[in-house]
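This report refers to the structure that appears directly beneath it.
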There are 4 protein chains.
Amino acid sequence: YGKNTIKFLRLHKEGKKQFVKEVEVCAHLRLTSPQEYLEGNNSLVIPTDTIKNIVLVLAKKNGIPSLEQFAIDICNHFMTTFCQVAYVKTYVQEVPWQRLHEDGVPHIHSFICVPDGIRFCEAEQCRNGPLIVFAGIKDLKLMKTTQSGFEGFYKNEHTTLPERHDRILCGELFCKWSYGECKDFDFDCIWKKIRECILEAFAGPPDCGEYSPSYQKTVNCIQMLVLSRVSQVQIIEVVLNNTFYNVVDMKNLGLTNDKEVLVPVEAPYGSCACTLGRKKFFEA
Amino acid sequence: YGKNTIKFLRLHKEGKKQFVKEVEVCAHLRLTSPQEYLEGNNSLVIPTDTIKNIVLVLAKKNGIPSLEQFAIDICNHFMTTFCQVAYVKTYVQEVPWQRLHEDGVPHIHSFICVPDGIRFCEAEQCRNGPLIVFAGIKDLKLMKTTQSGFEGFYKNEHTTLPERHDRILCGELFCKWSYGECKDFDFDCIWKKIRECILEAFAGPPDCGEYSPSYQKTVNCIQMLVLSRVSQVQIIEVVLNNTFYNVVDMKNLGLTNDKEVLVPVEAPYGSCACTLGRKKFFEA
Amino acid sequence: YGKNTIKFLRLHKEGKKQFVKEVEVCAHLRLTSPQEYLEGNNSLVIPTDTIKNIVLVLAKKNGIPSLEQFAIDICNHFMTTFCQVAYVKTYVQEVPWQRLHEDGVPHIHSFICVPDGIRFCEAEQCRNGPLIVFAGIKDLKLMKTTQSGFEGFYKNEHTTLPERHDRILCGELFCKWSYGECKDFDFDCIWKKIRECILEAFAGPPDCGEYSPSYQKTVNCIQMLVLSRVSQVQIIEVVLNNTFYNVVDMKNLGLTNDKEVLVPVEAPYGSCACTLGRKKFFEA
Amino acid sequence: YGKNTIKFLRLHKEGKKQFVKEVEVCAHLRLTSPQEYLEGNNSLVIPTDTIKNIVLVLAKKNGIPSLEQFAIDICNHFMTTFCQVAYVKTYVQEVPWQRLHEDGVPHIHSFICVPDGIRFCEAEQCRNGPLIVFAGIKDLKLMKTTQSGFEGFYKNEHTTLPERHDRILCGELFCKWSYGECKDFDFDCIWKKIRECILEAFAGPPDCGEYSPSYQKTVNCIQMLVLSRVSQVQIIEVVLNNTFYNVVDMKNLGLTNDKEVLVPVEAPYGSCACTLGRKKFFEA
């Protein structure tokens with residue numbers, strides 16, 4: 001196969017107001033014949049440079065109405081234009097530019113980069129198969145300073161971890177979900193709604209939170225809330241890369257540390273992941 | 001000298017409401033005698049491990065009222081406790097945790113990491129010298145999609161750059177300023193005010209912006225605005241690492257690209273910097 | 001599932017001579033029941049901390065005879081000790097410390113880090129299934145300054161790439177292969193032999209090289225040579241992340257540039273990959 | 001000022017044998033007038049694009065006989081061509097391509113990247129001042145598994161570090177030195193000699209090593225050896241970024257760990273640096 005990455009900016013104006021999308025597109029093609037590998041025959045190969053041109057031309061012609069629509073457009077173009085393409089996958093990721101505000105007034109042409117979770121999507125299609133659309137958020141860092149524990153786990157002679165009922169829950173979230181047949185979806189609106197579900201399920205009610213008995217259970221709560229609130233989501237995968245924090249033992253230094261000063265534990269570094277669908281259950 | 005970096009979390013509560021500061025502290029000491037280097041005599045050396053303990057103990061005892069106050073506390077501790085210390089510099093940087101909000105309601109114990117410019121500060125002191133405090137912001141990425149050009153520059157036989165009066169202005173800002181004698185400063189409030197000045201000077205008025213004839217002039221505008229609005233600032237240094245974008249030439253592809261699709265130019269990668277004080281002018 | 005990463009050093013001595021292995025181990029477990037996710041019941045969960053202890057204890061007891069043997073040992077331990085484990089995968093990667101030499105004399109306890117390709121391996125097993133061992137090399141950067149071209153590719157209205165018969169071939173290689181049933185393999189020796197095959201297939205004969213008509217064909221040559229020379233390899237996957245270089249056009253500057261000065265093209269960034277087995281052919 | 005970075009490849013041939021240098025050049029200019037900053041007057045500004053062209057043209061015309069000579073050529077060009085330049089500094093860094101060998105036979109056009117310490121240099125000049133040349137090595141990772149300790153350090157109530165007489169000494173070295181007046185220096189040869197001195201001073205004799213009482217003393221030994229062996233070196237700066245390793249306490253796990261299994265300590269992360277000249281002594 002061939003894969004490649006293109007980064008570019010798409011501007012447009014409405015009157016004097018300017019809009020910007022900066023995206024990174026990764027296109028991945030598989031051809032019907034492996035002759036380029038086996039025989040060194042390049043006659044079916046679509047060069048990286050041509051793929052780049054196509055992506056830029058589509059951005060120029062159609063704009064980027066939403067990341068998902070742009071990914072769909074690219075998939076469609078490759079499938080309909082090149083009969084030697086057996087499979088195409090496009091990944092589109094956004095640089096999180098947000099319009100600047102001065103005293104609450106939006107600026108007509110200035111932007112600030114606010115990377116509090118990166119939006120991405122994928123569209124993939126096999127020849128003669130359905131087009132499948134995924135969307136997601138990555139690099140979303142969240143922390144709960146209380147209402148988290150880890151107790152009742154399996155113990156044997158190699159166990160040294162104490163049980164804890166009031167620890168820090170902190171990690172980097174990756175969520176990716178698939179949509180069913182996409183008819184007139186408002187992808188931007190759905191994405192925002194899902195982001196809110198993730199934050200709500202992670203944090204619990206603002207006035208008291210909700211106790212998390214493990215990273216795993218929190219992952220599951222996120223999935224359950226998204227599936228219950230957003231009907232367009234078919235399957236949702238969540239990966240939580242944990243950062244552990246240890247309360248510093250200050251006895252040697254003559255002090256009591258009542259969960260006031262904590263240091264991150266670099267290793268072991270843990271991760272838990274789960275994929276949940278509407279009817280059946282997968283664990284990967 | 002010796003330098004080292006410590007990363008930790010400081011929590012505190014007001015009633016049920018939790019507050020968190022995660023910081024990275026870098027302490028840098030120079031001793032009065034180089035005997036550790038020349039003779040392998042360690043008797044004056046303060047181990048990295050001890051420095052770490054001191055920083056954590058100070059965080060436990062005093063909390064982190066502001067980054068600047070914490071940096072000052074550390075400096076003072078080393079100067080007053082260890083007569084073998086000739087010079088101390090402390091650098092404190094913040095992980096940008098922000099309180100989560102659900103439908104506008106602040107959450108009592110959940111936070112999200114929003115790295116739209118990282119706050120840092122420094123305090124430094126030579127024995128018998130004044131304590132000097134610096135503060136700053138780094139990794140602040142800003143973009144203007146219009147109202148920027150670069151014309152009238154020096155030309156010779158190696159010049160290939162065309163003049164442009166409507167380009168993208170995009171870059172990563174680093175700003176660092178020094179305070180005069182710090183009497184009862186509200187460091188948090190001053191820092192926020194300076195951040196607003198930077199954004200305002202970069203972007204110009206929200207309804208029309210302000211034309212930038214060069215990266216250099218924009219750097220100068222930022223400095224001038226901060227110095228004019230914030231009397232506590234003595235000297236301000238600004239570095240702007242530019243990202244250039246080229247309008248993609250689509251003539252070969254049969255299209256006119258009216259500054260709609262642009263690609264970042266990875267190299268050359270430019271940077272401009274300037275340090276400006278109240279009376280005299282330095283350029284470095 | 002749960003995954004985690006542990007980094008450590010294993011030392012041993014033979015007389016006065018010291019040996020060191022620094023490895024990063026990633027263990028990935030899937031349990032027979034998802035009750036931790038669904039019910040918040042942790043009773044089967046093996047904490048990250050326990051996994052770390054087990055890996056360190058195995059390193060202490062058995063040493064690291066080879067990366068592959070160590071990965072196998074960890075897999076076996078989890079499968080035989082914990083009946084709640086349905087699947088285990090262990091990844092082991094080496095920090096490339098090499099013994100220092102002074103005027104050709106090996107040093108008894110000093111080492112230098114030489115990252116010219118990183119060795120790694122994987123062992124994985126489902127309960128009641130066979131244990132499968134993979135090994136590989138990653139981050140291996142190679143360049144041919146001639147004997148490479150790309151011609152005869154597919155062309156249409158979006159093609160702008162010229163045909164080239166004398167370009168630079170440069171990229172970062174990732175190779176991963178599986179072994180069949182591992183009886184008394186000398187994993188270190190086999191790994192070195194495969195590394196030599198990769199270099200030989202990439203470069204061709206030292207006195208003249210061998211023409212590469214595409215990145216894809218070079219990938220295939222590497223696979224074919226490894227499969228023909230190393231009988232223990234069952235399937236081999238190769239990914240080549242290309243760096244393209246353009247000859248700088250110096251006409252505007254009044255100079256002819258006969259492939260003397262080239263600049264890397266940051267985007268598009270390409271990649272080609274292929275998986276080849278002994279009898280059948282997969283392309284992914 | 002203005003600074004910018006250019007990365008490129010310079011090829012040349014001797015008969016059929018090909019040679020390659022890939023370098024990253026950073027040029028830093030200060031002009032005689034700050035009018036670009038203060039008045040937005042660009043008439044003296046040399047655009048980044050022009051600087052890039054000049055560097056590439058010099059590489060084309062002169063080749064890169066050595067990194068140092070190339071840096072000197074660039075400095076000279078800017079000083080003699082542009083009277084508005086008050087100061088110029090050029091930094092040149094090499095991508096460590098090494099010729100591939102097959103069974104000891106060098107390949108005529110294939111190379112492998114071996115980053116076991118990166119070579120760099122700097123040349124700087126003020127108008128009417130001397131041209132000063134620096135050279136150096138960075139990212140050189142070294143380890144001694146024994147013959148290192150840290151004892152007799154300063155202790156007080158914040159000390160928790162135990163004394164150790166047999167620890168691991170491991171770190172990343174940065175060395176930079178200045179040359180005096182450069183008459184017909186063989187920069188490549190001198191650089192190799194200095195690299196050997198660094199390794200020798202770090203490791204000690206191959207059969208027994210040499211005890212290091214501290215990171216600081218090792219830094220000093222490196223400096224002393226270089227100054228004594230290489231007369232062209234005027235001043236040498238060494239920075240050693242330490243990686244600490246702790247012997248894992250396995251008592252809880254029923255095992256004795258005789259410095260066999262160690263884990264890296266991520267924080268605190270230490271660094272020690274020293275600058276040493278021929279007559280006087282600086283500590284920074």
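The way I read the labels, and the way they are meant: chains A, B, ... in the order of the structure tokens, residue 1 as the first residue of every chain, and ligand 1 as the first ligand shown, with later ones counted on from there.
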
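Proximity to region 106-110 of chain D at 6 Å, evaluated using only C-alpha atoms and with sequence-adjacent residues fewer than 6 positions away removed, yields Met143, Lys144, Thr145, Ala203, Pro206 and Asp207 of chain C; Lys17, Gln18 and Leu100 of chain D.
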
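Around Ser43 (chain C), within 10 Å and counting only C-alpha atoms, the residues found are A:Glu151, A:Gly152, A:Phe153, A:Tyr154, A:Lys155, C:Gln35, C:Glu36, C:Gly40, C:Asn41, C:Val45, C:Ile46, once anything fewer than 2 positions away on its own chain is removed.
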
Export C-alpha atoms of the chosen residues as a short mmCIF file (atom, residue, chain, number, x, y, z; two decimals), in the first residue's frame?
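Generated output (out.cif):
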data_model
loop_
_atom_site.label_atom_id
_atom_site.label_comp_id
_atom_site.auth_asym_id
_atom_site.auth_seq_id
_atom_site.Cartn_x
_atom_site.Cartn_y
_atom_site.Cartn_z
CA GLU A 151 -9.71 -1.50 45.90
CA GLY A 152 -10.52 -5.19 46.01
CA PHE A 153 -8.12 -6.14 43.26
CA TYR A 154 -6.49 -9.56 42.84
CA LYS A 155 -3.58 -10.17 45.23
CA GLN C 35 -16.60 -7.35 35.01
CA GLU C 36 -14.07 -4.64 35.93
CA GLY C 40 -16.57 -1.95 38.72
CA ASN C 41 -15.67 -5.32 40.28
CA VAL C 45 -7.74 -7.24 38.06
CA ILE C 46 -3.97 -7.59 38.22
#

Quick one: which chain C residues come within 9 Å of chain A, and what is the nearest atom pair for each with the distance in Å to one decimal, counting only C-alpha atoms, rows ordered by chain and ascending number, as CSV?
residue,atom,partner,partner_atom,distance
C:Tyr1,CA,A:Cys272,CA,5.7
C:Gly2,CA,A:Cys272,CA,4.7
C:Lys3,CA,A:Ser271,CA,5.1
C:Asn4,CA,A:Gly270,CA,4.2
C:Thr5,CA,A:Tyr269,CA,5.2
C:Ile6,CA,A:Pro268,CA,5.0
C:Lys7,CA,A:Ala267,CA,7.1
C:Arg30,CA,A:Ala284,CA,7.2
C:Pro34,CA,A:Glu283,CA,7.4
C:Glu36,CA,A:Gln216,CA,6.3
C:Tyr37,CA,A:Lys217,CA,4.6
C:Leu38,CA,A:Asn220,CA,6.5
C:Glu39,CA,A:Lys217,CA,7.3
C:Gly40,CA,A:Lys217,CA,5.3
C:Asn41,CA,A:Gly152,CA,7.7
C:Asn42,CA,A:Phe153,CA,4.7
C:Ser43,CA,A:Phe153,CA,4.5
C:Leu44,CA,A:Tyr154,CA,5.2
C:Val45,CA,A:Phe153,CA,5.3
C:Ile46,CA,A:Tyr154,CA,5.6
C:Pro47,CA,A:Phe153,CA,7.1
C:Thr48,CA,A:Gly270,CA,6.4
C:Asp49,CA,A:Leu161,CA,6.1
C:Thr50,CA,A:Thr159,CA,5.0
C:Ile51,CA,A:His158,CA,8.1
C:Lys52,CA,A:Pro268,CA,6.5
C:Asn53,CA,A:His158,CA,6.1
C:Ile54,CA,A:His158,CA,6.3
C:Val57,CA,A:His158,CA,8.7
C:Phe150,CA,A:Asn42,CA,7.9
C:Glu151,CA,A:Asn42,CA,7.0
C:Gly152,CA,A:Ser43,CA,5.5
C:Phe153,CA,A:Ser43,CA,4.5
C:Tyr154,CA,A:Ser43,CA,5.1
C:Lys155,CA,A:Ile46,CA,7.5
C:Asn156,CA,A:Thr50,CA,8.7
C:His158,CA,A:Thr50,CA,5.7
C:Thr159,CA,A:Thr50,CA,5.0
C:Thr160,CA,A:Thr50,CA,6.7
C:Leu161,CA,A:Asp49,CA,6.2
C:Ser212,CA,A:Gly40,CA,8.3
C:Pro213,CA,A:Gly40,CA,6.0
C:Ser214,CA,A:Gly40,CA,6.8
C:Tyr215,CA,A:Tyr37,CA,8.5
C:Gln216,CA,A:Tyr37,CA,5.0
C:Lys217,CA,A:Tyr37,CA,4.6
C:Thr218,CA,A:Tyr37,CA,7.9
C:Val219,CA,A:Tyr37,CA,7.3
C:Asn220,CA,A:Tyr37,CA,5.5
C:Cys221,CA,A:Tyr37,CA,8.5
C:Ala267,CA,A:Ile6,CA,5.7
C:Pro268,CA,A:Ile6,CA,5.1
C:Tyr269,CA,A:Asn4,CA,5.2
C:Gly270,CA,A:Asn4,CA,4.2
C:Ser271,CA,A:Lys3,CA,5.1
C:Cys272,CA,A:Gly2,CA,4.7
C:Ala273,CA,A:Tyr1,CA,5.9
C:Cys274,CA,A:Tyr1,CA,6.9
C:Glu283,CA,A:Tyr1,CA,7.0
C:Ala284,CA,A:Tyr1,CA,6.3

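One finds CA of Asp166 (chain C) at 29.1 Å from CA of Gly254 (chain B).
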
| request: Within region 133-193 of chain C, find each residue whose DSSP state, derived from the backbone, is alpha helix (DSSP H), and express the selection as a PyMOL selection string. | output: chain C and resi 187-193

Those same residues, written as a PDB file, in the first residue's frame with C-alpha atoms?
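selection.pdb, written as the output of this step:
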ATOM      1  CA  PHE C 187      17.813 -15.374  18.655  1.00  0.00           C
ATOM      2  CA  ASP C 188      20.769 -12.980  18.837  1.00  0.00           C
ATOM      3  CA  CYS C 189      22.543 -14.639  15.947  1.00  0.00           C
ATOM      4  CA  ILE C 190      19.426 -14.811  13.766  1.00  0.00           C
ATOM      5  CA  TRP C 191      18.625 -11.172  14.450  1.00  0.00           C
ATOM      6  CA  LYS C 192      22.092 -10.061  13.358  1.00  0.00           C
ATOM      7  CA  LYS C 193      21.865 -12.141  10.196  1.00  0.00           C
TER       8      LYS C 193
END

| query | Could you pull the residues within 12 Å of Gln232 (chain A), counting only C-alpha atoms, minus those fewer than 5 positions along the same chain, as a PyMOL selection string? | reply | chain A and resi 133-135+177-187+189-191+193-194+226-227+277-278

| message | Need to verify the contact set: Cys113 (chain B), 9 Å, only C-alpha atoms, exclusion of same-chain residues closer than 6 positions in sequence. Can you return it as a count of residues only? | response | 12

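Across the model, the gap from CA of Val92 (chain B) to CA of Ala59 (chain B) is 12.1 Å.
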